[in-house]
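Single-structure report; data block below.
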Amino acid sequence: MSLEKLPFQLGIHPINWVGEDVLEHGDFYTYEQVMSEISALGFKGTEVSRKFPAAKQDLKQALQQHGLQLTTQWKSVLFSDPKRHKEELKAYREHAAFLKEFGCKVISTAEIGGSILNQDPRRGQDETDVKRLDEEGWKYFVEGLHQAGQIAKDNDMDLVYHHHAGTVVEQPEEIAKLMDMTDENLVSLLYDTGHGYYGGNDPLTLLEKYFHRVKYVHLKDVRQEVLNQARAEKFPIRKCIRSGMFTVPGDGVLDFEPIFELLIKNNYSGWALIEGEQDPIDHNPYEYAKKSKQFIQDTIEKITTSDKTKHS
């Protein structure tokens, strides 16, 4: 099976070129170079980068020029603080209206209360531990998500919650709690292989358990030796990224074959974006993306060939 015949659409995140959490990574890139390389690799879907034009019309023109479709843009929320709900929901409405203009179907959403990544504005830059939510925090967090999910629905989109390293939803019990406490009609899941593994989840088990909630996918791999060192020496998440813990599918320790098998078998039809999130000086984004795309193609051919053999 070719990539074009997959039930889902394969894209790539510009974070492979330009870091969003580690700002020195790829800061020298222009949006023109990033977009032209994504296009040259044959990808049609991408998310927003901090280097992309901020003005709506300029962004539309740039995407059109390179034949690219915008899939979503991350939206931080601070719903665990009820005093902030009004301003947070106002900002969410504006974000939804912006993404709707580009034909996006999902809004990537993550709580930053207590986080050390996409920083909780109430915390100092030198803090290294996530402040886990108490029961009251969870209550307000879920209330806010439900309201944001309705805003997404009103704009013909879905809120996809991004479980993410360095935030209050990253570990198996936190993802389970979020899924249990939220209305599946209002809150879907952004399934991320790399952030899932970093958070102590088995990526395949996570996908199997919540496939019915998954409406968007990030495909990220992990270098085990860096993760081991990070755990032993208690690296904060930005140091993990700077040390090269994350990489593209096919270059790390994760087994993607059963993940792709499950996505194909269950006819997952949304976007799946390749993410590397590593220093582009040490790991050329174009070359890594090219190799990863080939790895995914080879993996899918292996799955479909195996299926044919089983049924012959």
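Every chain in the structure tokens has a letter given in the order shown (A, B, ...), and although residue numbers restart at 1 in each chain, ligands are simply numbered from 1 in the order shown.
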
Non-local contacts of segment 150-156 of chain A (8 Å; only C-alpha atoms; under 4 positions in same chain excluded) as a ChimeraX atom specification: /A:92-93,96-97,100,105-107,146,186

Those of segment 102-240 of chain A in DSSP alpha helix (DSSP H), formatted as a ChimeraX atom specification: /A:135-154,172-181,193-198,203-210,224-233,237-240

Produce a table with one row for each residue of segment 134-238 of chain A that has an atom at most 7 Å from any atom of segment 262-274 of chain A, each row naming the nearest atom pair and its distance in Å at one decimal; use only C-alpha atoms; arrange rows by chain and rising residue number; format as JSON lines.
{"residue": "A:Lys215", "atom": "CA", "partner": "A:Gly270", "partner_atom": "CA", "distance": 5.9}
{"residue": "A:Tyr216", "atom": "CA", "partner": "A:Trp271", "partner_atom": "CA", "distance": 5.6}
{"residue": "A:Val217", "atom": "CA", "partner": "A:Ala272", "partner_atom": "CA", "distance": 4.4}
{"residue": "A:His218", "atom": "CA", "partner": "A:Leu273", "partner_atom": "CA", "distance": 4.9}
{"residue": "A:Leu219", "atom": "CA", "partner": "A:Ile274", "partner_atom": "CA", "distance": 4.7}
{"residue": "A:Lys220", "atom": "CA", "partner": "A:Ile274", "partner_atom": "CA", "distance": 6.3}

How would the residues just chosen look if you wrote them out with N, CA and C atoms as a short mmCIF file (atom, residue, chain, number, x, y, z; two decimals), in the first residue's frame?
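Result went into out.cif, see below:
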data_model
loop_
_atom_site.label_atom_id
_atom_site.label_comp_id
_atom_site.auth_asym_id
_atom_site.auth_seq_id
_atom_site.Cartn_x
_atom_site.Cartn_y
_atom_site.Cartn_z
N LYS A 215 -8.54 11.68 17.35
CA LYS A 215 -8.91 12.37 16.10
C LYS A 215 -7.72 13.11 15.48
N TYR A 216 -6.54 12.89 16.05
CA TYR A 216 -5.33 13.54 15.52
C TYR A 216 -4.15 12.80 16.10
N VAL A 217 -3.05 12.71 15.32
CA VAL A 217 -1.91 11.90 15.74
C VAL A 217 -0.60 12.65 15.50
N HIS A 218 0.31 12.57 16.48
CA HIS A 218 1.71 13.00 16.32
C HIS A 218 2.59 11.75 16.37
N LEU A 219 3.41 11.58 15.35
CA LEU A 219 4.31 10.42 15.26
C LEU A 219 5.72 10.87 15.62
N LYS A 220 6.14 10.50 16.83
CA LYS A 220 7.43 10.93 17.36
C LYS A 220 8.13 9.72 17.95
#

Find the spatial neighbours of Glu257 of chain A, counting only C-alpha atoms, within a cut-off of 7 Å - ignore same-chain residues fewer than 3 positions away - and output them as a count of residues only. 3

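When only C-alpha atoms are used to compute distances to Pro14 of chain A, the closest of the residues A:Thr167, A:Thr305, A:Gln278, A:Ser243 turns out to be A:Gln278.
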
Exercise: Ser108 of chain A partners within 6 Å, only C-alpha atoms, chain neighbours under 2 positions left out, as number ranges by chain: A: 74-75, 160

Interface rows for segment 143-195 of chain A against segment 21-31 of chain A: nearest pair, Å to one decimal, 12 Å, only C-alpha atoms, as JSON lines:
{"residue": "A:His164", "atom": "CA", "partner": "A:Asp21", "partner_atom": "CA", "distance": 11.8}
{"residue": "A:Ala165", "atom": "CA", "partner": "A:Asp21", "partner_atom": "CA", "distance": 11.1}
{"residue": "A:Gly166", "atom": "CA", "partner": "A:Asp21", "partner_atom": "CA", "distance": 10.8}

Would you mind exporting the chosen residues as an mmCIF file, in the first residue's frame, restricted to N, CA and C atoms?
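Contents of the output file again_6.cif:
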data_model
loop_
_atom_site.group_PDB
_atom_site.id
_atom_site.type_symbol
_atom_site.label_atom_id
_atom_site.label_comp_id
_atom_site.auth_asym_id
_atom_site.auth_seq_id
_atom_site.Cartn_x
_atom_site.Cartn_y
_atom_site.Cartn_z
ATOM 1 N N HIS A 164 1.000 15.730 27.096
ATOM 2 C CA HIS A 164 2.293 16.330 26.735
ATOM 3 C C HIS A 164 3.255 16.317 27.915
ATOM 4 N N ALA A 165 4.524 16.016 27.629
ATOM 5 C CA ALA A 165 5.582 16.054 28.646
ATOM 6 C C ALA A 165 5.645 17.424 29.307
ATOM 7 N N GLY A 166 5.893 17.435 30.610
ATOM 8 C CA GLY A 166 6.049 18.688 31.329
ATOM 9 C C GLY A 166 4.749 19.383 31.673
#

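Nearest to Pro203 of chain A of all the residues A:Pro236, A:Gly276, A:Pro172, A:Pro121 is A:Pro172, based on only C-alpha atoms.
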
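When only C-alpha atoms are used to compute distances to Gly149 of chain A, the closest of the residues A:Tyr286, A:Phe8, A:Tyr161, A:Tyr197 turns out to be A:Tyr161.
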
Backbone-only DSSP, strand (DSSP E or B) members of segment 62-188 of chain A, as a ChimeraX atom specification: /A:69-70,75-77,106-111,158-162,188

Extract, using only C-alpha atoms, all DNA, RNA and protein residues at most 10 Å from Phe79 of chain A, discarding same-chain residues fewer than 2 positions from it, and format them as a compact mmCIF listing (two decimals) with all heavy atoms, in the first residue's frame.
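Saved as result09.txt:
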# COMPACT_ATOMS: atom_id res chain seq x y z
N SER A 76 -2.67 26.74 24.10
CA SER A 76 -2.53 26.58 25.55
C SER A 76 -3.78 27.14 26.22
O SER A 76 -4.32 28.17 25.81
CB SER A 76 -1.32 27.37 26.06
OG SER A 76 -0.13 26.89 25.51
N VAL A 77 -4.23 26.45 27.30
CA VAL A 77 -5.35 26.95 28.10
C VAL A 77 -4.97 26.85 29.57
O VAL A 77 -4.15 26.02 29.96
CB VAL A 77 -6.66 26.17 27.83
CG1 VAL A 77 -7.14 26.41 26.41
CG2 VAL A 77 -6.49 24.67 28.10
N ASP A 81 -7.62 27.25 36.73
CA ASP A 81 -7.87 28.45 37.54
C ASP A 81 -9.21 29.04 37.09
O ASP A 81 -9.30 29.64 36.01
CB ASP A 81 -6.74 29.45 37.34
CG ASP A 81 -6.92 30.72 38.17
OD1 ASP A 81 -7.98 30.88 38.80
OD2 ASP A 81 -5.99 31.55 38.18
N PRO A 82 -10.28 28.88 37.91
CA PRO A 82 -11.60 29.35 37.48
C PRO A 82 -11.67 30.85 37.22
O PRO A 82 -12.49 31.32 36.42
CB PRO A 82 -12.52 28.95 38.64
CG PRO A 82 -11.63 28.79 39.83
CD PRO A 82 -10.31 28.33 39.28
N LYS A 83 -10.79 31.62 37.86
CA LYS A 83 -10.79 33.08 37.66
C LYS A 83 -10.39 33.45 36.23
O LYS A 83 -10.65 34.56 35.78
CB LYS A 83 -9.82 33.76 38.64
CG LYS A 83 -10.17 33.58 40.11
CD LYS A 83 -9.28 34.47 40.97
CE LYS A 83 -9.21 33.97 42.40
NZ LYS A 83 -8.31 32.80 42.54
N ARG A 84 -9.75 32.52 35.54
CA ARG A 84 -9.25 32.81 34.19
C ARG A 84 -10.18 32.31 33.09
O ARG A 84 -9.89 32.53 31.90
CB ARG A 84 -7.86 32.19 34.01
CG ARG A 84 -6.82 32.75 34.96
CD ARG A 84 -5.46 32.15 34.70
NE ARG A 84 -4.96 32.56 33.40
CZ ARG A 84 -3.96 33.43 33.20
NH1 ARG A 84 -3.36 33.98 34.23
NH2 ARG A 84 -3.55 33.73 31.99
N HIS A 85 -11.27 31.64 33.45
CA HIS A 85 -12.13 31.02 32.44
C HIS A 85 -12.62 32.00 31.37
O HIS A 85 -12.58 31.70 30.18
CB HIS A 85 -13.32 30.31 33.09
CG HIS A 85 -12.98 28.92 33.54
ND1 HIS A 85 -13.91 27.93 33.71
CD2 HIS A 85 -11.79 28.33 33.84
CE1 HIS A 85 -13.33 26.81 34.10
NE2 HIS A 85 -12.03 27.04 34.21
N LYS A 86 -13.10 33.15 31.83
CA LYS A 86 -13.69 34.10 30.88
C LYS A 86 -12.68 34.52 29.81
O LYS A 86 -12.96 34.46 28.61
CB LYS A 86 -14.22 35.33 31.63
CG LYS A 86 -15.04 36.25 30.76
CD LYS A 86 -15.62 37.41 31.56
CE LYS A 86 -16.39 38.35 30.64
NZ LYS A 86 -16.90 39.53 31.38
N GLU A 87 -11.46 34.92 30.24
CA GLU A 87 -10.45 35.37 29.26
C GLU A 87 -9.92 34.21 28.43
O GLU A 87 -9.64 34.36 27.23
CB GLU A 87 -9.30 36.11 29.96
CG GLU A 87 -8.48 35.28 30.92
CD GLU A 87 -7.42 36.08 31.65
OE1 GLU A 87 -6.39 36.38 31.03
OE2 GLU A 87 -7.61 36.38 32.84
N GLU A 88 -9.81 33.02 29.06
CA GLU A 88 -9.32 31.85 28.32
C GLU A 88 -10.31 31.44 27.23
O GLU A 88 -9.91 31.09 26.11
CB GLU A 88 -9.08 30.68 29.28
CG GLU A 88 -7.92 30.85 30.23
CD GLU A 88 -6.56 30.83 29.54
OE1 GLU A 88 -6.43 30.16 28.50
OE2 GLU A 88 -5.63 31.48 30.04
N LEU A 89 -11.59 31.47 27.54
CA LEU A 89 -12.62 31.07 26.56
C LEU A 89 -12.74 32.10 25.44
O LEU A 89 -12.99 31.75 24.29
CB LEU A 89 -13.96 30.84 27.25
CG LEU A 89 -13.99 29.58 28.14
CD1 LEU A 89 -15.20 29.57 29.04
CD2 LEU A 89 -13.94 28.30 27.29
N ALA A 110 -4.01 22.11 25.18
CA ALA A 110 -3.34 21.55 26.36
C ALA A 110 -3.40 22.53 27.52
O ALA A 110 -3.19 23.74 27.35
CB ALA A 110 -1.89 21.20 26.05
N GLU A 111 -3.65 22.00 28.70
CA GLU A 111 -3.67 22.77 29.94
C GLU A 111 -2.24 23.09 30.36
O GLU A 111 -1.38 22.20 30.38
CB GLU A 111 -4.36 21.95 31.03
CG GLU A 111 -4.24 22.49 32.44
CD GLU A 111 -5.07 23.74 32.70
OE1 GLU A 111 -6.03 24.01 31.96
OE2 GLU A 111 -4.73 24.46 33.67
N ILE A 112 -1.99 24.36 30.69
CA ILE A 112 -0.65 24.74 31.14
C ILE A 112 -0.59 25.09 32.63
O ILE A 112 0.47 25.45 33.14
CB ILE A 112 -0.05 25.89 30.31
CG1 ILE A 112 -0.94 27.13 30.35
CG2 ILE A 112 0.22 25.44 28.88
CD1 ILE A 112 -0.25 28.39 29.86
N GLY A 113 -1.73 24.96 33.34
CA GLY A 113 -1.69 25.15 34.79
C GLY A 113 -0.75 24.13 35.41
O GLY A 113 -0.89 22.94 35.16
N GLY A 137 -8.72 21.59 41.08
CA GLY A 137 -8.11 21.98 39.81
C GLY A 137 -8.64 21.16 38.65
O GLY A 137 -8.93 21.68 37.57
N TRP A 138 -8.76 19.85 38.87
CA TRP A 138 -9.31 18.96 37.83
C TRP A 138 -10.75 19.35 37.48
O TRP A 138 -11.12 19.35 36.31
CB TRP A 138 -9.26 17.50 38.31
CG TRP A 138 -7.98 16.81 37.96
CD1 TRP A 138 -6.89 16.66 38.76
CD2 TRP A 138 -7.65 16.19 36.71
NE1 TRP A 138 -5.90 15.98 38.10
CE2 TRP A 138 -6.33 15.68 36.83
CE3 TRP A 138 -8.32 16.02 35.51
CZ2 TRP A 138 -5.69 15.01 35.80
CZ3 TRP A 138 -7.68 15.36 34.46
CH2 TRP A 138 -6.38 14.86 34.61
N LYS A 139 -11.54 19.66 38.49
CA LYS A 139 -12.94 20.01 38.27
C LYS A 139 -13.05 21.23 37.34
O LYS A 139 -13.79 21.22 36.36
CB LYS A 139 -13.60 20.30 39.63
CG LYS A 139 -15.02 20.83 39.57
CD LYS A 139 -15.57 21.02 40.98
CE LYS A 139 -16.83 21.85 41.01
NZ LYS A 139 -16.58 23.28 40.81
N TYR A 140 -12.29 22.28 37.66
CA TYR A 140 -12.36 23.50 36.84
C TYR A 140 -11.74 23.28 35.47
O TYR A 140 -12.20 23.84 34.47
CB TYR A 140 -11.69 24.66 37.58
CG TYR A 140 -12.46 25.12 38.79
CD1 TYR A 140 -11.87 25.12 40.06
CD2 TYR A 140 -13.78 25.53 38.68
CE1 TYR A 140 -12.58 25.53 41.18
CE2 TYR A 140 -14.51 25.94 39.78
CZ TYR A 140 -13.90 25.94 41.04
OH TYR A 140 -14.62 26.34 42.15
N PHE A 141 -10.69 22.50 35.43
CA PHE A 141 -10.02 22.16 34.17
C PHE A 141 -11.00 21.49 33.21
O PHE A 141 -11.14 21.89 32.04
CB PHE A 141 -8.83 21.25 34.51
CG PHE A 141 -8.19 20.49 33.39
CD1 PHE A 141 -8.01 21.04 32.12
CD2 PHE A 141 -7.71 19.20 33.61
CE1 PHE A 141 -7.39 20.32 31.10
CE2 PHE A 141 -7.08 18.48 32.60
CZ PHE A 141 -6.94 19.04 31.35
N VAL A 142 -11.73 20.50 33.71
CA VAL A 142 -12.70 19.77 32.88
C VAL A 142 -13.87 20.66 32.47
O VAL A 142 -14.32 20.63 31.32
CB VAL A 142 -13.17 18.48 33.59
CG1 VAL A 142 -14.37 17.87 32.89
CG2 VAL A 142 -12.03 17.47 33.67
N GLU A 143 -14.32 21.50 33.39
CA GLU A 143 -15.41 22.45 33.06
C GLU A 143 -15.00 23.33 31.89
O GLU A 143 -15.77 23.56 30.95
CB GLU A 143 -15.72 23.33 34.27
CG GLU A 143 -16.68 22.73 35.26
CD GLU A 143 -16.93 23.65 36.46
OE1 GLU A 143 -16.65 24.87 36.36
OE2 GLU A 143 -17.40 23.14 37.50
N GLY A 144 -13.79 23.85 31.97
CA GLY A 144 -13.28 24.71 30.90
C GLY A 144 -13.15 23.97 29.58
O GLY A 144 -13.51 24.49 28.51
N LEU A 145 -12.64 22.73 29.65
CA LEU A 145 -12.50 21.93 28.43
C LEU A 145 -13.84 21.68 27.76
O LEU A 145 -13.96 21.72 26.53
CB LEU A 145 -11.84 20.58 28.75
CG LEU A 145 -10.32 20.52 28.87
CD1 LEU A 145 -9.89 19.08 29.11
CD2 LEU A 145 -9.60 21.10 27.65
N ALA A 148 -14.81 24.80 25.99
CA ALA A 148 -13.96 24.98 24.80
C ALA A 148 -14.35 23.96 23.72
O ALA A 148 -14.36 24.29 22.53
CB ALA A 148 -12.49 24.82 25.18

Could you jot down the atom CA of Glu275 of chain A to atom CA of Glu184 of chain A separation for me, Å, one decimal place? 26.1 Å

Identify, on the basis of only C-alpha atoms, every residue whose closest approach to Val168 of chain A does not exceed 7 Å; exclude the query and any residue fewer than 5 positions from it along the same chain; express the result as a PyMOL selection string. chain A and resi 114-115+130+132-133

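The gap separating atom CA of Gln224 of chain A from atom CA of Gly244 of chain A is 10.2 Å, in Å to one decimal.
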
Between atom CA of Ala62 of chain A and atom CA of Phe246 of chain A, what is the distance in Å, rounded to a tenth? 28.5 Å

Non-local contacts of Gly11 of chain A (6 Å; only C-alpha atoms; under 4 positions in same chain excluded) as JSON, numbers by chain: {"A": [43, 45, 46, 273]}

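Nearest residue to Ile38 of chain A among A:Gln297, A:Arg50, A:Leu68, A:Asp58 is A:Leu68, counting only C-alpha atoms.
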